[in-house]
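**Q** Before anything else, here's the structure in question.
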Amino acid sequence: MQNDKLNWNFTVQIMGAKYRLPMICNREGNNMKQDTWTLHKKSHRNQMSRIKRKEMMWFYLLILPWIIGFLIFTLIPMITSGILSFMDWDYISSAKFLGLKNYTNLFHDKLFYQSLKVTTIYSIISVPLSLIISFIFALLLNSNIRGLSVFRTLFYMPSLVSGAAASILWMWMFNPEFGVINTILGYFGIEGPGWIFDKNWALPALIIMSLWSVGSSMLVYLSGLQGIPTELYEAARIDGAGKWVTLFRITLPMMTPIIFYNLVIGIIGSFQTFTQAYVMTNGGPSYSTYFYVLYLYNNAFQNFKIGYASAQAWILFFIIMILTAFVFKSSAAWVYYENETKERN
Amino acid sequence: MKKKMIMVRGILLFLFIGLMLITGCSGSTKPERNGEKASPKAEKINWLVSSNAEQLKGYQKLLKKFSNDTGIPSNVMGVEYGQMYPKLQSLIAAKKTPEINNWGTELVPWAARGAMTPLDDYITKDNFDMEQFHENMVQSLQWQDKQWEIPYSMGTCVLYYNKDLFEKAGVEPPPHDWSDPSWDMKAFLEMAQKLTIDKSGRDALDPKFDPDHVQQYGLGNMQSWWFYPWYFGGDWTDQDVTKYTGNDPKVIEAMQFMADLANKYHVMPSTEQSQALAAGGNIFMTGRVAMTVDGTWSCSTLKDARFKWDMAATPHDKQHSIVLFTDGFGVGGKSENPDGGWEFIKWLYSDKDHYLELLNAANSYMAIPALKSAEEDVKNVLIKRFPDVDINVMFEAAKQPDARPVYMRYHANWNAINDLINQEAVTPIMSGETTAKKALPGITDKVQSLIDEASKK
């Protein structure tokens, strides 16, 4: 009967690579090694039980909306943009084939490098910073204090505010004269900078702003923290481990899969930053916040260069893919899975 | 076998649902048609227009009248302000180009790519009277010897001033006469200095003036850098936009002067300070600036000001700096029914009442009407609405012979050119980070190559 059953193993696919989320354990435990759903076959196909066939039908039926959505809104547009990246098209006249010209032009485009530089600096600083801060928040909100749920809600709430609204809000916060930030700095006798209006402070301002929405990764951390077996802590306590030791020897290793997940999501998200730059600074002052996707958008929708913008999109896709692949490769060295260790034993 | 059957069934079902979705997406959203009398043969026209809910109602009413008169069914596609061009791009890409559009003086990137129909043949065929419009508006909607749009109205920039602050400082108000020879840059700067006041009440002419604690600025804003060189007799490009002339000494002088207004004379807030002061609104409305150069369209905002204000002429040194932002009606290239689009334009100007109804629907009285015969009607409305404001200043501005559109925008690549000059030269010059003499010649090759790029095509 065991073999007769349809086995489901949930996988998260990020940029084509399969990644098993440890939070959702598969029912079959450790003997399941394949990442995709599989049917354990009996020797004869025809003997497939009715239940199994029914299950399969339901499977297709239930994922159908997703497949259709994926095809219409992801796969087909992706293929189209791939084709367009070899063409010159302005929406209006018919497209002309250019070969690799869009790509070679891009590598001679100074703004391309500037936008890549801005985006990379932003990612290098904001991703680790949000990882650390959201982790700290999660640790604090995992302790047993009064009004815990209220605090959790409060800290999570900012990530519910949509990008454009948050941008407008932060424009007020960063206002050099009336803004909350400079007013508070003023109390300490510090004359705050011009923030988004100052070439040297605009990017740091956007990085600070990015920390405002750590709520969603905090939530993922929280659920991970709750999943750590309490026996581990009890055992550690009996062995006389202090708070810091427990944090570094138990909590942190047990959380590495989640840190890994948040890191990957963070890298993808930060390389696609657009709204803040579009709403708050329009890439200025003097290109200091000219994010990659903003330049892409301007090429597509202001300069009528759809082909060029598509080539940009594909280059960004490859950059993100390489970075993600690199993180995945490195994960063997620092991400700890409970199941895997058992398997090795 | 059975497994195969299930697969086949699954695929069929998938295709079926997919088809339903696709047809559901494209076909079913037919907009309502106006005009019951429409003959079955007449093809519908669509008008894409930026509008709020109230304006949209007015436009719909107008089009209904048009459909009743001509038998051509019509539809208004309202779109939020600022969303017009993205919407138009997606409509064109979907091969649903609207028949009528309002590109105004941003027409060239569209005309150059075939998104607009030149109207010359229609004008000749129907003997359409172009004399009924102000000539400079007609001209500003031409490009490469073709008429791309029929003018509708025009906005320009004037000098707004706070009457209360002038009275308080005991300074004579700026002249309302565009040809006053004494109203040059020197006089303008001096007036601004007298009206810039620091914390301890000293004006900017006082040697002890404290520029770090300015309470009131003589000048709020000089509007767009596009028009700065004009005061000094220069311009960013030649009229046909074949050559970048931003390295011309006149342009350099103008840009430096404007930067100095903020950084050297301290009569105008820096970009940063003014963003802070205005806090997303209109800086003049704060009541902390004595004068500001702004568009005529701002009148509707200033109506709610808590102080008395009026409009005056902007200074003129070598020449005036008067911009012509003409709005117009154009016909979509590759639209299904361009003739119907032209019929609407013809109908609109066949009777002054149609035109006035449009002005009323758009609530765009704070602009100079393109139709000469409507000038008095508009003036009468304005006098009632702004009894204390000398609205003649606005009408006189448009009549100055050196009033002009922003030539730089008459180029297929103008967005990229604009972005480049702004980010690499104007922003650092205005912030005082560099001088105009250094920055402007430095970008010549880059701008020129952007200009040449489009002409090669």
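Scheme for the structure tokens: letters A, B, ... for chains in order shown; per-chain residue numbers from 1; ligand numbers from 1 in order shown.
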As JSON, numbers by chain, could you give me every residue of chain A near chain B (at most 9 Å apart, counting only C-alpha atoms)?

**A** {"A": [45, 46, 48, 53, 56, 57, 60, 61, 64, 65, 67, 68, 72, 90, 91, 92, 93, 171, 172, 175, 176, 177, 178, 179, 194, 196, 197, 198, 199, 283, 284, 285, 286, 287, 298, 299, 301, 302, 303, 304]}

**Q** Name the residues of range 65-252 of chain B that come out as strand (DSSP E or B) in a backbone DSSP run; write them as number ranges by chain.

**A** B: 74-79, 100-101, 116-117, 133, 142-143, 146-147, 149-155, 157-162, 197-198, 203, 214-219, 237, 244

**Q** Store the residues of this selection in a file with N, CA and C atoms, as a tab-separated table (two decimals), in the first residue's frame.

**A**
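Full text of part.tsv as output:
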chain	number	residue	atom	x	y	z
B	74	SER	N	-18.94	56.79	-31.31
B	74	SER	CA	-17.71	57.28	-30.71
B	74	SER	C	-17.58	56.81	-29.28
B	75	ASN	N	-16.38	56.88	-28.80
B	75	ASN	CA	-16.09	56.38	-27.45
B	75	ASN	C	-14.93	57.19	-26.87
B	76	VAL	N	-15.07	57.57	-25.59
B	76	VAL	CA	-13.96	58.26	-24.92
B	76	VAL	C	-13.24	57.26	-24.04
B	77	MET	N	-11.92	57.19	-24.18
B	77	MET	CA	-11.16	56.35	-23.26
B	77	MET	C	-10.44	57.29	-22.31
B	78	GLY	N	-10.96	57.42	-21.12
B	78	GLY	CA	-10.32	58.29	-20.14
B	78	GLY	C	-9.13	57.58	-19.53
B	79	VAL	N	-8.08	58.32	-19.28
B	79	VAL	CA	-6.91	57.72	-18.65
B	79	VAL	C	-6.38	58.72	-17.64
B	100	ILE	N	-8.31	59.44	-32.12
B	100	ILE	CA	-7.99	60.82	-31.73
B	100	ILE	C	-7.13	60.82	-30.47
B	101	ASN	N	-6.18	61.74	-30.49
B	101	ASN	CA	-5.24	61.87	-29.38
B	101	ASN	C	-4.83	63.30	-29.18
B	116	MET	N	1.25	58.89	-35.91
B	116	MET	CA	0.31	59.98	-36.20
B	116	MET	C	0.11	60.10	-37.71
B	117	THR	N	-1.08	60.62	-38.07
B	117	THR	CA	-1.37	60.85	-39.49
B	117	THR	C	-1.19	62.33	-39.78
B	133	PHE	N	-7.24	80.04	-36.45
B	133	PHE	CA	-6.41	79.80	-35.26
B	133	PHE	C	-5.26	80.80	-35.17
B	142	GLN	N	3.55	71.87	-36.14
B	142	GLN	CA	4.09	71.41	-37.42
B	142	GLN	C	5.46	70.78	-37.18
B	143	TRP	N	5.80	69.84	-38.04
B	143	TRP	CA	7.12	69.24	-37.99
B	143	TRP	C	7.43	68.71	-39.36
B	146	LYS	N	4.95	69.46	-42.15
B	146	LYS	CA	3.61	68.86	-42.14
B	146	LYS	C	2.85	69.32	-40.91
B	147	GLN	N	1.53	69.38	-41.05
B	147	GLN	CA	0.68	69.74	-39.93
B	147	GLN	C	0.22	68.44	-39.26
B	149	GLU	N	-1.17	68.28	-35.96
B	149	GLU	CA	-2.32	68.42	-35.06
B	149	GLU	C	-3.01	69.76	-35.35
B	150	ILE	N	-4.27	69.81	-34.96
B	150	ILE	CA	-5.01	71.07	-35.03
B	150	ILE	C	-5.02	71.64	-33.62
B	151	PRO	N	-4.59	72.90	-33.46
B	151	PRO	CA	-4.44	73.44	-32.10
B	151	PRO	C	-5.77	73.54	-31.37
B	152	TYR	N	-5.68	73.45	-30.08
B	152	TYR	CA	-6.87	73.51	-29.23
B	152	TYR	C	-6.73	74.67	-28.24
B	153	SER	N	-5.62	74.68	-27.50
B	153	SER	CA	-5.38	75.81	-26.61
B	153	SER	C	-3.89	75.83	-26.30
B	154	MET	N	-3.48	76.86	-25.56
B	154	MET	CA	-2.07	76.96	-25.29
B	154	MET	C	-1.80	77.50	-23.90
B	155	GLY	N	-0.82	76.92	-23.25
B	155	GLY	CA	-0.40	77.42	-21.95
B	155	GLY	C	0.97	78.05	-22.09
B	157	CYS	N	4.17	80.51	-19.62
B	157	CYS	CA	4.61	80.83	-18.26
B	157	CYS	C	4.63	82.33	-18.04
B	158	VAL	N	4.22	82.73	-16.87
B	158	VAL	CA	4.22	84.14	-16.50
B	158	VAL	C	4.88	84.29	-15.13
B	159	LEU	N	5.05	85.55	-14.71
B	159	LEU	CA	5.63	85.79	-13.40
B	159	LEU	C	4.51	86.05	-12.40
B	160	TYR	N	4.32	85.17	-11.45
B	160	TYR	CA	3.32	85.39	-10.42
B	160	TYR	C	3.98	86.14	-9.27
B	161	TYR	N	3.26	87.07	-8.67
B	161	TYR	CA	3.85	87.72	-7.49
B	161	TYR	C	2.84	87.88	-6.37
B	162	ASN	N	3.38	87.85	-5.17
B	162	ASN	CA	2.59	87.94	-3.96
B	162	ASN	C	2.43	89.41	-3.60
B	197	ILE	N	14.52	87.95	2.47
B	197	ILE	CA	14.69	88.46	3.84
B	197	ILE	C	15.14	87.34	4.79
B	198	ASP	N	16.15	87.64	5.58
B	198	ASP	CA	16.67	86.62	6.51
B	198	ASP	C	15.95	86.70	7.86
B	203	ASP	N	17.43	92.33	4.16
B	203	ASP	CA	17.26	91.81	2.80
B	203	ASP	C	18.60	91.43	2.20
B	214	VAL	N	17.30	82.03	5.61
B	214	VAL	CA	16.39	82.86	4.81
B	214	VAL	C	14.95	82.56	5.22
B	215	GLN	N	14.22	83.64	5.52
B	215	GLN	CA	12.83	83.47	5.92
B	215	GLN	C	11.89	83.60	4.73
B	216	GLN	N	12.29	84.46	3.81
B	216	GLN	CA	11.44	84.72	2.66
B	216	GLN	C	12.32	84.89	1.43
B	217	TYR	N	11.96	84.16	0.38
B	217	TYR	CA	12.75	84.24	-0.85
B	217	TYR	C	12.11	85.22	-1.85
B	218	GLY	N	12.95	85.95	-2.53
B	218	GLY	CA	12.45	86.85	-3.57
B	218	GLY	C	11.86	86.06	-4.73
B	219	LEU	N	12.48	84.91	-4.97
B	219	LEU	CA	12.06	84.09	-6.11
B	219	LEU	C	11.81	82.66	-5.66
B	237	THR	N	19.25	73.94	-28.85
B	237	THR	CA	19.49	73.40	-30.19
B	237	THR	C	19.07	74.44	-31.22
B	244	TYR	N	23.40	70.53	-31.42
B	244	TYR	CA	23.39	70.92	-30.00
B	244	TYR	C	24.12	72.24	-29.85

**Q** Let me make sure I understand: among B:Asn247, B:Lys64, B:Ser51, B:Ala313, which one has the smallest atom-to-atom distance to Asp390 in chain B if we use only C-alpha atoms?

**A** B:Ala313

**Q** I'd like the interatomic distance between CA of Val171 in chain B and CA of Leu382 in chain B, to a tenth of an Å.

**A**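 Between these atoms lies a distance of 27.4 Å.
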
**Q** From the options A:Thr80, A:Ser159, A:Gln272, A:Asn144, which residue's atoms come nearest to Leu211 in chain A, counting only C-alpha atoms?

**A**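 Going through A:Thr80, A:Ser159, A:Gln272, A:Asn144 one by one, the smallest distance to Leu211 in chain A is for A:Ser159.
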
**Q** Work out how far CA of Lys194 in chain B is from CA of Ala169 in chain B, in Å to one decimal.

**A** 7.8 Å

**Q** Work out how far CA of Gln239 in chain B is from CA of Asp452 in chain B, in Å to one decimal.

**A**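 Pair CA of Asp452 in chain B / CA of Gln239 in chain B returns 14.8 Å.
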
**Q** List the spatial neighbours of range 367-373 of chain B as a ChimeraX atom specification - criterion: any atom at most 8 Å away, only C-alpha atoms, same-chain residues fewer than 2 positions off excluded.

**A** /B:132-134,137,151-156,296-297,352,364-365,375-376,378,394-395,398

**Q** Which residues are near Gly192 in chain A? Cut-off 9 Å, only C-alpha atoms, ignore same chain within fewer than 6 positions. Put them as a PyMOL selection string.

**A** chain A and resi 176-177+181-186

**Q** Take the residues from that selection and write them out as a tab-separated table (two decimals), in the first residue's frame, keeping N, CA and C atoms.

**A**
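File written: out19.tsv
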chain	number	residue	atom	x	y	z
A	176	PRO	N	14.32	67.42	3.59
A	176	PRO	CA	15.42	67.99	4.37
A	176	PRO	C	14.96	69.02	5.40
A	177	GLU	N	13.87	69.73	5.11
A	177	GLU	CA	13.48	70.77	6.05
A	177	GLU	C	12.45	70.33	7.09
A	181	ILE	N	13.11	62.60	9.80
A	181	ILE	CA	14.48	62.17	10.04
A	181	ILE	C	15.37	63.34	10.41
A	182	ASN	N	15.33	64.39	9.59
A	182	ASN	CA	16.18	65.54	9.89
A	182	ASN	C	15.73	66.29	11.14
A	183	THR	N	14.43	66.25	11.42
A	183	THR	CA	13.96	66.90	12.64
A	183	THR	C	14.56	66.20	13.86
A	184	ILE	N	14.53	64.86	13.82
A	184	ILE	CA	15.08	64.11	14.96
A	184	ILE	C	16.60	64.34	15.06
A	185	LEU	N	17.27	64.31	13.91
A	185	LEU	CA	18.71	64.58	13.93
A	185	LEU	C	18.98	65.97	14.50
A	186	GLY	N	18.07	66.89	14.19
A	186	GLY	CA	18.21	68.26	14.68
A	186	GLY	C	18.22	68.34	16.20

**Q** Got a sec: who's within 12 Å of His354 in chain B, counting only C-alpha atoms, leaving out chain neighbours fewer than 5 positions off, as a list in words?

**A**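 That gives Gly58, Tyr59, Lys61, Leu62, Leu63, Lys64, Lys65, Phe66, Asp69, Phe344, Ile345, Lys346, Trp347, Leu348, Tyr349, Leu359, Asn360, Ala361, Leu371 and Ala374 of chain B.
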
**Q** Residues of the last selection are to be written out with C-alpha atoms, as a short mmCIF file (atom, residue, chain, number, x, y, z; two decimals), in the first residue's frame.

**A**
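Done, and the output landed in again-v5.cif:
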data_model
loop_
_atom_site.label_atom_id
_atom_site.label_comp_id
_atom_site.auth_asym_id
_atom_site.auth_seq_id
_atom_site.Cartn_x
_atom_site.Cartn_y
_atom_site.Cartn_z
CA GLY B 58 -18.15 66.26 -20.07
CA TYR B 59 -16.21 64.63 -22.89
CA LYS B 61 -21.52 64.33 -23.45
CA LEU B 62 -19.67 66.16 -26.17
CA LEU B 63 -18.98 63.01 -28.15
CA LYS B 64 -22.58 61.94 -27.87
CA LYS B 65 -23.53 65.17 -29.55
CA PHE B 66 -20.95 64.51 -32.25
CA ASP B 69 -24.83 64.96 -35.57
CA PHE B 344 -14.49 64.80 -35.23
CA ILE B 345 -11.91 67.58 -35.49
CA LYS B 346 -13.90 69.14 -38.32
CA TRP B 347 -17.11 68.91 -36.34
CA LEU B 348 -15.45 70.42 -33.27
CA TYR B 349 -14.48 73.59 -35.14
CA LEU B 359 -13.35 74.04 -23.00
CA ASN B 360 -16.07 73.85 -20.43
CA ALA B 361 -15.84 70.07 -20.15
CA LEU B 371 -9.74 79.68 -31.86
CA ALA B 374 -13.30 82.37 -28.71
#

**Q** Which parts of range 168-411 of chain B does DSSP call alpha helix (DSSP H) when run on the backbone here, written out as a ChimeraX atom specification?

**A** /B:168-169,185-195,228-231,249-263,271-278,299-302,338-348,352-362,375-385,392-399

**Q** What does the file look like for those residues with C-alpha atoms, as an mmCIF file, in the first residue's frame?

**A**
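Written output follows (again.cif):
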data_model
loop_
_atom_site.group_PDB
_atom_site.id
_atom_site.type_symbol
_atom_site.label_atom_id
_atom_site.label_comp_id
_atom_site.auth_asym_id
_atom_site.auth_seq_id
_atom_site.Cartn_x
_atom_site.Cartn_y
_atom_site.Cartn_z
ATOM 1 C CA LYS B 168 5.032 94.876 3.117
ATOM 2 C CA ALA B 169 8.470 95.454 1.635
ATOM 3 C CA MET B 185 17.760 90.694 -15.652
ATOM 4 C CA LYS B 186 19.561 93.282 -13.562
ATOM 5 C CA ALA B 187 16.327 94.916 -12.463
ATOM 6 C CA PHE B 188 14.829 91.494 -11.869
ATOM 7 C CA LEU B 189 17.718 90.391 -9.661
ATOM 8 C CA GLU B 190 17.628 93.615 -7.688
ATOM 9 C CA MET B 191 13.910 93.242 -7.046
ATOM 10 C CA ALA B 192 14.440 89.661 -5.924
ATOM 11 C CA GLN B 193 17.226 90.753 -3.590
ATOM 12 C CA LYS B 194 15.027 93.392 -1.983
ATOM 13 C CA LEU B 195 12.379 90.763 -1.314
ATOM 14 C CA TYR B 228 16.626 79.663 -19.254
ATOM 15 C CA PRO B 229 18.895 80.269 -22.276
ATOM 16 C CA TRP B 230 16.183 82.278 -24.035
ATOM 17 C CA TYR B 231 16.530 85.233 -21.654
ATOM 18 C CA PRO B 249 28.441 81.244 -24.454
ATOM 19 C CA LYS B 250 24.884 82.647 -24.197
ATOM 20 C CA VAL B 251 23.552 79.351 -22.870
ATOM 21 C CA ILE B 252 26.491 79.061 -20.481
ATOM 22 C CA GLU B 253 25.889 82.593 -19.224
ATOM 23 C CA ALA B 254 22.184 81.906 -18.751
ATOM 24 C CA MET B 255 22.641 78.638 -16.886
ATOM 25 C CA GLN B 256 25.284 80.143 -14.637
ATOM 26 C CA PHE B 257 23.058 83.110 -13.861
ATOM 27 C CA MET B 258 20.183 80.830 -12.878
ATOM 28 C CA ALA B 259 22.446 78.746 -10.654
ATOM 29 C CA ASP B 260 23.818 81.942 -9.121
ATOM 30 C CA LEU B 261 20.320 83.094 -8.216
ATOM 31 C CA ALA B 262 20.307 80.262 -5.703
ATOM 32 C CA ASN B 263 23.949 79.688 -4.833
ATOM 33 C CA THR B 271 16.673 72.638 -5.793
ATOM 34 C CA GLU B 272 16.904 70.827 -2.488
ATOM 35 C CA GLN B 273 15.563 73.722 -0.435
ATOM 36 C CA SER B 274 12.748 74.386 -2.847
ATOM 37 C CA GLN B 275 11.648 70.747 -2.862
ATOM 38 C CA ALA B 276 11.687 70.943 0.905
ATOM 39 C CA LEU B 277 9.851 74.237 1.033
ATOM 40 C CA ALA B 278 7.192 73.228 -1.464
ATOM 41 C CA CYS B 299 -3.889 79.539 -11.657
ATOM 42 C CA SER B 300 -6.442 76.961 -10.618
ATOM 43 C CA THR B 301 -4.174 76.001 -7.687
ATOM 44 C CA LEU B 302 -3.366 79.583 -6.782
ATOM 45 C CA PRO B 338 -8.601 57.945 -39.379
ATOM 46 C CA ASP B 339 -11.260 59.611 -41.532
ATOM 47 C CA GLY B 340 -13.668 59.399 -38.609
ATOM 48 C CA GLY B 341 -11.032 61.008 -36.410
ATOM 49 C CA TRP B 342 -10.714 63.886 -38.819
ATOM 50 C CA GLU B 343 -14.511 64.187 -38.961
ATOM 51 C CA PHE B 344 -14.491 64.800 -35.226
ATOM 52 C CA ILE B 345 -11.911 67.576 -35.492
ATOM 53 C CA LYS B 346 -13.899 69.143 -38.317
ATOM 54 C CA TRP B 347 -17.112 68.912 -36.344
ATOM 55 C CA LEU B 348 -15.452 70.422 -33.270
ATOM 56 C CA LYS B 352 -17.937 77.810 -31.822
ATOM 57 C CA ASP B 353 -20.386 76.323 -29.342
ATOM 58 C CA HIS B 354 -18.864 72.857 -29.757
ATOM 59 C CA TYR B 355 -15.474 74.306 -29.028
ATOM 60 C CA LEU B 356 -16.690 76.214 -25.983
ATOM 61 C CA GLU B 357 -18.418 73.131 -24.699
ATOM 62 C CA LEU B 358 -15.130 71.291 -24.936
ATOM 63 C CA LEU B 359 -13.347 74.042 -23.002
ATOM 64 C CA ASN B 360 -16.068 73.845 -20.430
ATOM 65 C CA ALA B 361 -15.839 70.069 -20.149
ATOM 66 C CA ALA B 362 -12.071 70.210 -19.805
ATOM 67 C CA GLU B 375 -10.816 84.714 -27.071
ATOM 68 C CA GLU B 376 -13.433 87.144 -25.759
ATOM 69 C CA ASP B 377 -15.605 84.337 -24.396
ATOM 70 C CA VAL B 378 -12.684 82.900 -22.478
ATOM 71 C CA LYS B 379 -11.588 86.300 -21.206
ATOM 72 C CA ASN B 380 -15.064 86.930 -19.850
ATOM 73 C CA VAL B 381 -15.038 83.685 -17.933
ATOM 74 C CA LEU B 382 -11.583 84.434 -16.572
ATOM 75 C CA ILE B 383 -12.411 87.951 -15.453
ATOM 76 C CA LYS B 384 -15.304 86.562 -13.459
ATOM 77 C CA ARG B 385 -13.215 83.809 -11.995
ATOM 78 C CA ASN B 392 -4.270 90.232 -20.141
ATOM 79 C CA VAL B 393 -0.654 89.465 -19.247
ATOM 80 C CA MET B 394 -1.256 85.894 -20.302
ATOM 81 C CA PHE B 395 -2.932 86.802 -23.575
ATOM 82 C CA GLU B 396 -0.241 89.345 -24.422
ATOM 83 C CA ALA B 397 2.526 86.812 -23.756
ATOM 84 C CA ALA B 398 1.378 84.584 -26.574
ATOM 85 C CA LYS B 399 1.408 87.503 -28.969
#

**Q** Could you list, as a VMD selection string, every residue within 12 Å of Ala311 in chain A, counting only C-alpha atoms and ignoring same-chain residues fewer than 3 positions away?

**A** chain A and resid 78 80 to 89 98 to 107 112 293 296 299 to 300 305 to 308 314 to 318
